[in-house]
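Below: structure.cif (mmCIF, C-alpha atoms and all ligand atoms)
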```cif
data_run
loop_
_atom_site.label_atom_id
_atom_site.label_comp_id
_atom_site.auth_asym_id
_atom_site.auth_seq_id
_atom_site.Cartn_x
_atom_site.Cartn_y
_atom_site.Cartn_z
CA MET A 1 -6.06 3.70 10.45
CA LYS A 2 -3.11 5.97 9.78
CA SER A 3 0.29 4.50 9.05
CA ALA A 4 1.64 5.87 12.32
CA GLU A 5 -0.86 3.69 14.16
CA LEU A 6 0.42 0.50 12.58
CA LYS A 7 1.31 -2.03 15.22
CA THR A 8 4.12 -4.38 14.57
CA ASN A 9 4.54 -7.74 16.14
CA SER A 10 7.79 -8.24 14.34
CA ARG A 11 10.95 -8.27 16.33
CA ALA A 12 12.47 -7.13 13.08
CA SER A 13 10.90 -3.74 13.66
CA SER A 14 12.34 -3.04 17.04
CA GLY A 15 15.74 -2.04 18.30
CA GLU A 16 18.80 -3.00 16.39
CA GLU A 17 16.95 -5.65 14.37
CA LEU A 18 15.23 -2.85 12.48
CA SER A 19 18.15 -3.30 10.16
CA VAL A 20 16.29 -6.10 8.35
CA ASP A 21 14.71 -3.30 6.30
CA ALA A 22 17.61 -0.90 6.36
CA LEU A 23 20.48 -3.22 5.44
CA SER A 24 21.87 -3.22 1.97
CA ASP A 25 20.02 -5.89 0.03
CA PRO A 26 21.20 -6.72 -3.50
CA TYR A 27 17.92 -8.47 -4.36
CA LEU A 28 15.81 -5.40 -3.53
CA GLU A 29 18.33 -3.12 -5.18
CA ARG A 30 17.95 -5.20 -8.34
CA LEU A 31 14.13 -4.96 -8.09
CA CYS A 32 14.46 -1.17 -7.85
CA GLU A 33 16.66 -1.18 -10.97
CA LEU A 34 14.07 -3.25 -12.83
CA ALA A 35 11.33 -0.87 -11.69
CA ALA A 36 13.29 2.08 -13.09
CA ARG A 37 14.07 0.24 -16.32
CA ASP A 38 10.49 -0.95 -16.91
CA GLN A 39 8.61 2.28 -16.26
CA TRP A 40 5.96 3.06 -18.85
CA LYS A 41 3.54 5.89 -19.43
CA LEU A 42 -0.18 5.79 -20.09
CA GLU A 43 0.20 8.36 -22.86
CA ASP A 44 2.65 6.11 -24.73
CA LEU A 45 -0.21 3.70 -25.44
CA ASP A 46 -2.23 4.23 -28.60
CA TRP A 47 -5.64 4.77 -27.03
CA ARG A 48 -6.93 6.42 -30.22
CA SER A 49 -6.70 3.11 -32.06
CA LEU A 50 -9.29 1.63 -29.69
CA ASP A 51 -13.02 1.78 -30.29
CA VAL A 52 -15.49 -0.50 -28.55
CA SER A 53 -18.59 1.61 -29.08
CA ALA A 54 -20.12 -1.00 -31.43
CA LEU A 55 -20.20 -3.64 -28.68
CA PRO A 56 -23.63 -4.21 -27.10
CA GLU A 57 -24.17 -2.18 -23.96
CA VAL A 58 -24.72 -5.29 -21.85
CA PHE A 59 -21.23 -6.50 -22.77
CA ARG A 60 -19.61 -3.10 -22.20
CA GLN A 61 -21.34 -2.81 -18.81
CA ALA A 62 -20.16 -6.29 -17.74
CA ALA A 63 -16.62 -5.48 -18.83
CA ALA A 64 -16.71 -2.11 -17.03
CA ASP A 65 -17.87 -3.88 -13.85
CA GLY A 66 -15.04 -6.42 -14.11
CA PHE A 67 -12.42 -3.70 -14.62
CA ALA A 68 -13.92 -1.71 -11.74
CA GLN A 69 -13.07 -4.51 -9.29
CA LEU A 70 -9.49 -4.52 -10.57
CA GLN A 71 -9.30 -0.75 -10.32
CA TRP A 72 -10.48 -0.88 -6.72
CA GLY A 73 -7.68 -3.36 -6.06
CA GLU A 74 -5.20 -0.96 -7.61
CA ARG A 75 -6.43 1.89 -5.41
CA THR A 76 -6.07 -0.35 -2.39
CA ALA A 77 -2.54 -1.32 -3.43
CA GLN A 78 -1.69 2.36 -3.78
CA LEU A 79 -2.95 3.07 -0.26
CA ALA A 80 -1.20 -0.03 1.12
CA ALA A 81 2.08 1.14 -0.43
CA GLU A 82 1.46 4.53 1.15
CA ARG A 83 1.07 2.90 4.57
CA LEU A 84 4.21 0.81 4.16
CA LEU A 85 6.17 3.90 3.17
CA GLY A 86 5.14 5.47 6.45
CA LEU A 87 6.38 2.43 8.35
CA LEU A 88 9.63 1.27 6.80
CA PRO A 89 12.94 2.94 7.63
CA GLU A 90 15.16 4.44 4.96
CA GLY A 91 16.65 1.59 2.95
CA PRO A 92 16.10 -0.65 -0.07
CA ALA A 93 12.69 -1.95 1.06
CA ARG A 94 11.38 1.57 1.42
CA ALA A 95 12.95 2.57 -1.90
CA PHE A 96 11.19 -0.32 -3.60
CA ILE A 97 7.82 0.54 -2.06
CA ALA A 98 8.19 4.08 -3.42
CA THR A 99 8.45 2.56 -6.92
CA GLN A 100 5.37 0.43 -6.22
CA ARG A 101 3.37 3.48 -5.17
CA THR A 102 4.20 5.08 -8.52
CA ASP A 103 3.22 1.88 -10.37
CA GLU A 104 -0.12 1.63 -8.58
CA ALA A 105 -1.04 5.23 -9.36
CA ARG A 106 -0.44 4.42 -13.02
CA HIS A 107 -2.54 1.26 -12.77
CA VAL A 108 -5.46 3.17 -11.25
CA ALA A 109 -5.26 5.64 -14.15
CA PHE A 110 -4.99 2.79 -16.68
CA PHE A 111 -8.27 1.22 -15.56
CA GLU A 112 -9.93 4.62 -15.37
CA GLN A 113 -9.08 5.08 -19.05
CA VAL A 114 -10.31 1.57 -19.97
CA ILE A 115 -13.61 2.09 -18.14
CA ARG A 116 -14.04 5.47 -19.85
CA LEU A 117 -13.47 3.78 -23.19
CA LEU A 118 -16.31 1.35 -22.43
CA GLY A 119 -18.67 4.25 -21.86
CA CYS A 120 -20.31 2.65 -18.78
CA GLU A 121 -19.81 3.32 -15.12
CA GLY A 122 -18.05 0.39 -13.45
CA ARG A 123 -19.80 -0.80 -10.29
CA VAL A 124 -17.57 -2.05 -7.46
CA ARG A 125 -19.11 -4.85 -5.44
CA PRO A 126 -19.53 -4.18 -1.70
CA SER A 127 -17.83 -7.52 -0.98
CA VAL A 128 -14.74 -6.39 -2.90
CA GLN A 129 -14.74 -3.10 -1.03
CA GLN A 130 -14.99 -4.98 2.26
CA LEU A 131 -12.06 -7.29 1.48
CA MET A 132 -9.90 -4.40 0.30
CA ARG A 133 -10.75 -2.37 3.38
CA GLU A 134 -9.77 -5.24 5.67
CA VAL A 135 -6.40 -5.65 3.96
CA GLN A 136 -5.75 -1.94 3.78
CA GLU A 137 -6.38 -1.64 7.51
CA ALA A 138 -4.15 -4.61 8.43
CA GLU A 139 -2.53 -4.16 11.81
CA THR A 140 1.03 -5.19 11.04
CA PRO A 141 3.37 -4.77 8.08
CA GLU A 142 3.46 -8.55 7.66
CA GLU A 143 -0.33 -8.74 7.41
CA LEU A 144 -0.33 -5.84 4.99
CA MET A 145 2.28 -7.54 2.75
CA LEU A 146 0.52 -10.91 2.96
CA GLY A 147 -2.89 -9.45 2.06
CA MET A 148 -1.61 -7.09 -0.60
CA GLN A 149 1.47 -8.42 -2.33
CA ILE A 150 0.81 -12.13 -1.91
CA LEU A 151 -2.96 -12.61 -1.99
CA ILE A 152 -4.54 -9.67 -3.83
CA GLU A 153 -1.72 -8.86 -6.22
CA GLY A 154 -1.03 -12.56 -6.65
CA ALA A 155 -4.66 -13.17 -7.63
CA ALA A 156 -4.71 -10.11 -9.90
CA HIS A 157 -1.57 -11.30 -11.67
CA SER A 158 -3.02 -14.77 -12.22
CA LEU A 159 -6.33 -13.37 -13.50
CA ILE A 160 -4.58 -10.95 -15.86
CA MET A 161 -2.68 -13.88 -17.37
CA GLU A 162 -5.91 -15.94 -17.61
CA GLY A 163 -7.62 -13.04 -19.41
CA ALA A 164 -4.73 -12.73 -21.84
CA ARG A 165 -4.88 -16.44 -22.58
CA LEU A 166 -8.62 -16.25 -23.15
CA VAL A 167 -8.54 -13.36 -25.63
CA GLY A 168 -5.51 -14.91 -27.32
CA ALA A 169 -7.99 -17.45 -28.68
CA PHE A 170 -9.96 -14.62 -30.37
CA ASP A 171 -7.50 -14.52 -33.21
CA ASP A 172 -8.97 -15.38 -36.56
CA GLY A 173 -6.00 -14.51 -38.67
CA GLY A 174 -6.22 -10.74 -38.38
CA GLY A 175 -9.86 -10.39 -39.36
CA LEU A 176 -11.26 -9.33 -35.99
CA ASP A 177 -13.78 -6.52 -35.80
CA ARG A 178 -12.38 -3.30 -34.42
CA PRO A 179 -14.18 -3.62 -31.05
CA LEU A 180 -12.88 -7.13 -30.46
CA GLN A 181 -9.43 -6.17 -31.67
CA SER A 182 -9.55 -3.27 -29.19
CA MET A 183 -10.42 -5.59 -26.28
CA LYS A 184 -7.67 -7.91 -27.40
CA THR A 185 -5.15 -5.05 -27.38
CA VAL A 186 -6.10 -4.09 -23.81
CA VAL A 187 -6.58 -7.53 -22.23
CA GLY A 188 -4.29 -9.63 -24.40
CA GLU A 189 -1.42 -7.23 -24.91
CA TRP A 190 -1.20 -4.21 -22.61
CA MET A 191 -2.33 -5.88 -19.39
CA PRO A 192 0.08 -8.87 -19.51
CA ARG A 193 2.98 -6.91 -21.01
CA LEU A 194 2.78 -3.86 -18.74
CA LEU A 195 0.57 -4.38 -15.69
CA ALA A 196 1.46 -8.02 -15.03
CA ARG A 197 5.15 -7.22 -15.32
CA ASP A 198 4.77 -4.51 -12.67
CA GLU A 199 2.76 -6.89 -10.47
CA SER A 200 5.48 -9.54 -10.77
CA ARG A 201 7.93 -7.13 -9.14
CA HIS A 202 5.47 -6.33 -6.35
CA ILE A 203 4.87 -10.02 -5.68
CA ALA A 204 8.62 -10.67 -5.73
CA PHE A 205 9.04 -7.97 -3.11
CA GLY A 206 6.32 -9.48 -0.92
CA LEU A 207 7.86 -12.94 -1.12
CA HIS A 208 11.32 -11.65 -0.32
CA ALA A 209 10.26 -9.35 2.52
CA LEU A 210 8.00 -11.93 4.18
CA ARG A 211 10.61 -14.67 3.94
CA ALA A 212 12.93 -12.40 5.91
CA ARG A 213 10.33 -11.23 8.43
CA ILE A 214 8.19 -14.28 9.21
CA PRO A 215 10.92 -16.29 10.97
CA ARG A 216 11.38 -13.33 13.34
CA LEU A 217 7.70 -13.16 14.38
CA ASP A 218 6.60 -14.35 17.78
CA HIS A 219 4.20 -17.27 18.04
CA ALA A 220 1.02 -15.18 18.39
CA ALA A 221 1.84 -12.94 15.43
CA ARG A 222 2.63 -15.93 13.28
CA ARG A 223 -0.63 -17.66 14.21
CA ARG A 224 -2.54 -14.51 13.36
CA LEU A 225 -0.87 -14.41 9.98
CA GLU A 226 -1.86 -18.03 9.33
CA GLU A 227 -5.47 -17.12 10.21
CA LYS A 228 -5.36 -14.25 7.74
CA VAL A 229 -4.29 -16.65 4.97
CA ALA A 230 -7.43 -18.71 5.52
CA HIS A 231 -9.77 -15.74 5.95
CA TRP A 232 -8.56 -13.50 3.12
CA GLY A 233 -7.71 -16.41 0.85
CA GLU A 234 -11.31 -17.57 0.90
CA LYS A 235 -12.57 -14.05 0.22
CA VAL A 236 -10.20 -13.62 -2.72
CA LEU A 237 -11.44 -16.90 -4.18
CA GLU A 238 -15.08 -15.93 -3.71
CA GLN A 239 -14.46 -12.83 -5.80
CA ALA A 240 -12.54 -14.69 -8.47
CA ARG A 241 -15.33 -17.24 -8.75
CA ASP A 242 -17.98 -14.59 -9.18
CA PRO A 243 -19.90 -15.11 -12.42
CA ASP A 244 -19.24 -11.54 -13.62
CA LEU A 245 -15.52 -12.02 -13.59
CA VAL A 246 -14.90 -15.51 -14.84
CA TYR A 247 -17.95 -17.54 -15.80
CA GLY A 248 -19.59 -14.53 -17.46
CA ILE A 249 -16.97 -14.43 -20.19
CA GLY A 250 -17.46 -18.07 -21.06
CA GLU A 251 -14.39 -19.32 -19.31
CA ASP A 252 -14.25 -22.56 -17.34
CA GLY A 253 -14.46 -20.95 -13.91
CA ASP A 254 -13.61 -24.09 -11.96
CA ALA A 255 -10.42 -24.57 -13.93
CA VAL A 256 -9.47 -20.90 -13.48
CA CYS A 257 -10.09 -21.09 -9.73
CA GLY A 258 -8.13 -24.33 -9.52
CA ARG A 259 -5.10 -22.71 -11.13
CA LEU A 260 -5.54 -19.62 -8.96
CA ILE A 261 -5.53 -21.70 -5.77
CA GLU A 262 -2.37 -23.47 -6.93
CA ASP A 263 -0.61 -20.16 -7.64
CA LEU A 264 -1.61 -18.65 -4.30
CA ASN A 265 -0.75 -21.75 -2.28
CA LEU A 266 2.65 -21.94 -3.92
CA ARG A 267 3.44 -18.39 -2.84
CA ILE A 268 2.06 -18.97 0.66
CA ALA A 269 4.40 -21.97 0.97
CA GLN A 270 7.29 -19.91 -0.36
CA VAL A 271 7.00 -17.41 2.50
CA GLY A 272 7.05 -20.25 5.02
CA LEU A 273 3.40 -20.28 6.14
CA GLU A 274 1.56 -23.55 6.64
CA THR A 275 -2.10 -22.72 6.00
CA ARG A 276 -3.38 -23.53 2.52
CA ILE A 277 -6.38 -22.15 0.68
CA ALA A 278 -8.96 -24.87 0.06
CA PRO A 279 -11.24 -24.99 -2.99
CA LEU A 280 -14.57 -23.29 -2.35
CA LYS A 281 -17.51 -25.58 -1.87
CA ALA A 282 -20.19 -25.43 -4.55
CA THR A 283 -22.99 -23.05 -3.60
FE FE B 301 -1.15 -2.70 -9.53
FE FE B 302 0.79 -4.05 -7.60
#
```

Take the structure in the file and give it back as structure tokens.
Amino acid sequence: MKSAELKTNSRASSGEELSVDALSDPYLERLCELAARDQWKLEDLDWRSLDVSALPEVFRQAAADGFAQLQWGERTAQLAAERLLGLLPEGPARAFIATQRTDEARHVAFFEQVIRLLGCEGRVRPSVQQLMREVQEAETPEELMLGMQILIEGAAHSLIMEGARLVGAFDDGGGLDRPLQSMKTVVGEWMPRLLARDESRHIAFGLHALRARIPRLDHAARRRLEEKVAHWGEKVLEQARDPDLVYGIGEDGDAVCGRLIEDLNLRIAQVGLETRIAPLKAT
């Protein structure tokens, strides 16, 4: 679906109330300032210090597959930002989304570089592709923001922080092998310091924008949004619980998913929606 075909059920997007996106907004202006201040470049990172070639292929393949799911999410975020740019009027919200589009292009390139380093082709699961496609083709800007900035980027942010915590425990007083030190640099340092910081801004935008827009939705649009929380929330959790991503690296998957549900439900409550994501039943 092209951005021009986006429907909107939001009264905020019609007539004089369009100004919800066009009005001066100090919070969004501040987010744009932070985006400008915190820009970073892929080439500023010391990729030459990394070498994981001594890791067993089975490990490198599993890692490449995990990063491939994240990269697919980044591509989807880039396309979602593109769609929002085509929808929002000139103003601080649109200006912020332009910064997000730039961030997402950098994130796609970041994971491309990481996967290349691993020397294996990352395989994206069809179920991840399906979820991303559904969100990317959302029919209203509110659904797009809910699926992207709150659920997918929210989950990605939480998982990046979980990964950083996990590899933080690798430390043995500076005596790590080069391959493990390399993974620690990527997962324990670059991802939380650079990617997660960018994602925090995107999530902050989603929270702020949805808090302004949801109260202006009509009953049917609001109900549809609540249904999306349940539907996409469950799909996000299914992916997070997948053995390749969490259990496969020796982490306590149930605990990770429990914290993820808490994070997501907190944000869902913060935008004023009532549906909550329930823990997945054991399969
Ligand atoms: Fe991203
Ligand atoms: Fe993002």

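CA of Glu199 (chain A) is positioned 21.1 Å from CA of Ala64 (chain A).
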
Spatial neighbours of Trp190 (chain A), max dist 12 Å, all atoms listed in the file, sep filter under 5 positions, as a PyMOL selection string = chain A and resi 40-42+44-47+107+110-111+114+160-161+163-164+182-185+195-198

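Once Ile97 (chain A) and its same-chain neighbours fewer than 2 positions away are set aside, Ala81, Leu84, Leu85, Ala93, Arg94, Ala95, Thr99, Gln100 and Arg101 of chain A remain within 8 Å of it when counting only C-alpha atoms.
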
Cut-off 12 Å, all atoms listed in the file, neighbours of ligand FE 301 (chain B) as a count of residues only = 46

Specify the axis-aligned box that encloses all atoms of region 151-163 of chain A listed in the file after padding of 3 Å on each side, stating its centre and edge lengths in Å to one decimal as JSON.
```
{"center_x": -4.3, "center_y": -12.4, "center_z": -10.7, "size_x": 12.6, "size_y": 13.1, "size_z": 23.4}
```

Taking into account only C-alpha atoms, which residue in the set A:Leu144, A:Leu273, A:Ala204, A:Ala209 is nearest to Glu227 (chain A)?
->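 Checking each candidate against Glu227 (chain A), we get A:Leu273 as the closest.
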
Atom FE of ligand FE 302 (chain B) and CA of Gly119 (chain A), how far apart in Å?
-> 25.5 Å

Length of the CA of Leu88 (chain A) to CA of Ile277 (chain A) vector [Å] =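 Separation between CA of Leu88 (chain A) and CA of Ile277 (chain A): 29.0 Å.
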
What's the 7 Å shell around Glu226 (chain A), counting all atoms listed in the file, without same-chain residues fewer than 3 positions away, as a VMD selection string?
-> chain A and resid 222 to 223 229 to 230 273 275

Take the residues that were just selected and, keeping C-alpha atoms, output them as a PDB file, in the frame of the given file.
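Contents of result_11.pdb, as written:
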```
ATOM      1  CA  ARG A 222       2.630 -15.930  13.280  1.00  0.00           C
ATOM      2  CA  ARG A 223      -0.630 -17.660  14.210  1.00  0.00           C
ATOM      3  CA  VAL A 229      -4.290 -16.650   4.970  1.00  0.00           C
ATOM      4  CA  ALA A 230      -7.430 -18.710   5.520  1.00  0.00           C
ATOM      5  CA  LEU A 273       3.400 -20.280   6.140  1.00  0.00           C
ATOM      6  CA  THR A 275      -2.100 -22.720   6.000  1.00  0.00           C
TER       7      THR A 275
END
```

Between A:Ala62, A:Leu55, A:Ile150, A:Ala36, which has the minimum distance to ligand FE 302 (chain B) (counting all atoms listed in the file)?
->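 Closest candidate: A:Ile150.
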
Can you pull out every residue within 12 Å of Ala54 (chain A), counting only C-alpha atoms, but drop anything in the same chain fewer than 5 positions away, and send it as a ChimeraX atom specification?
-> /A:59-60,117-119,177-183
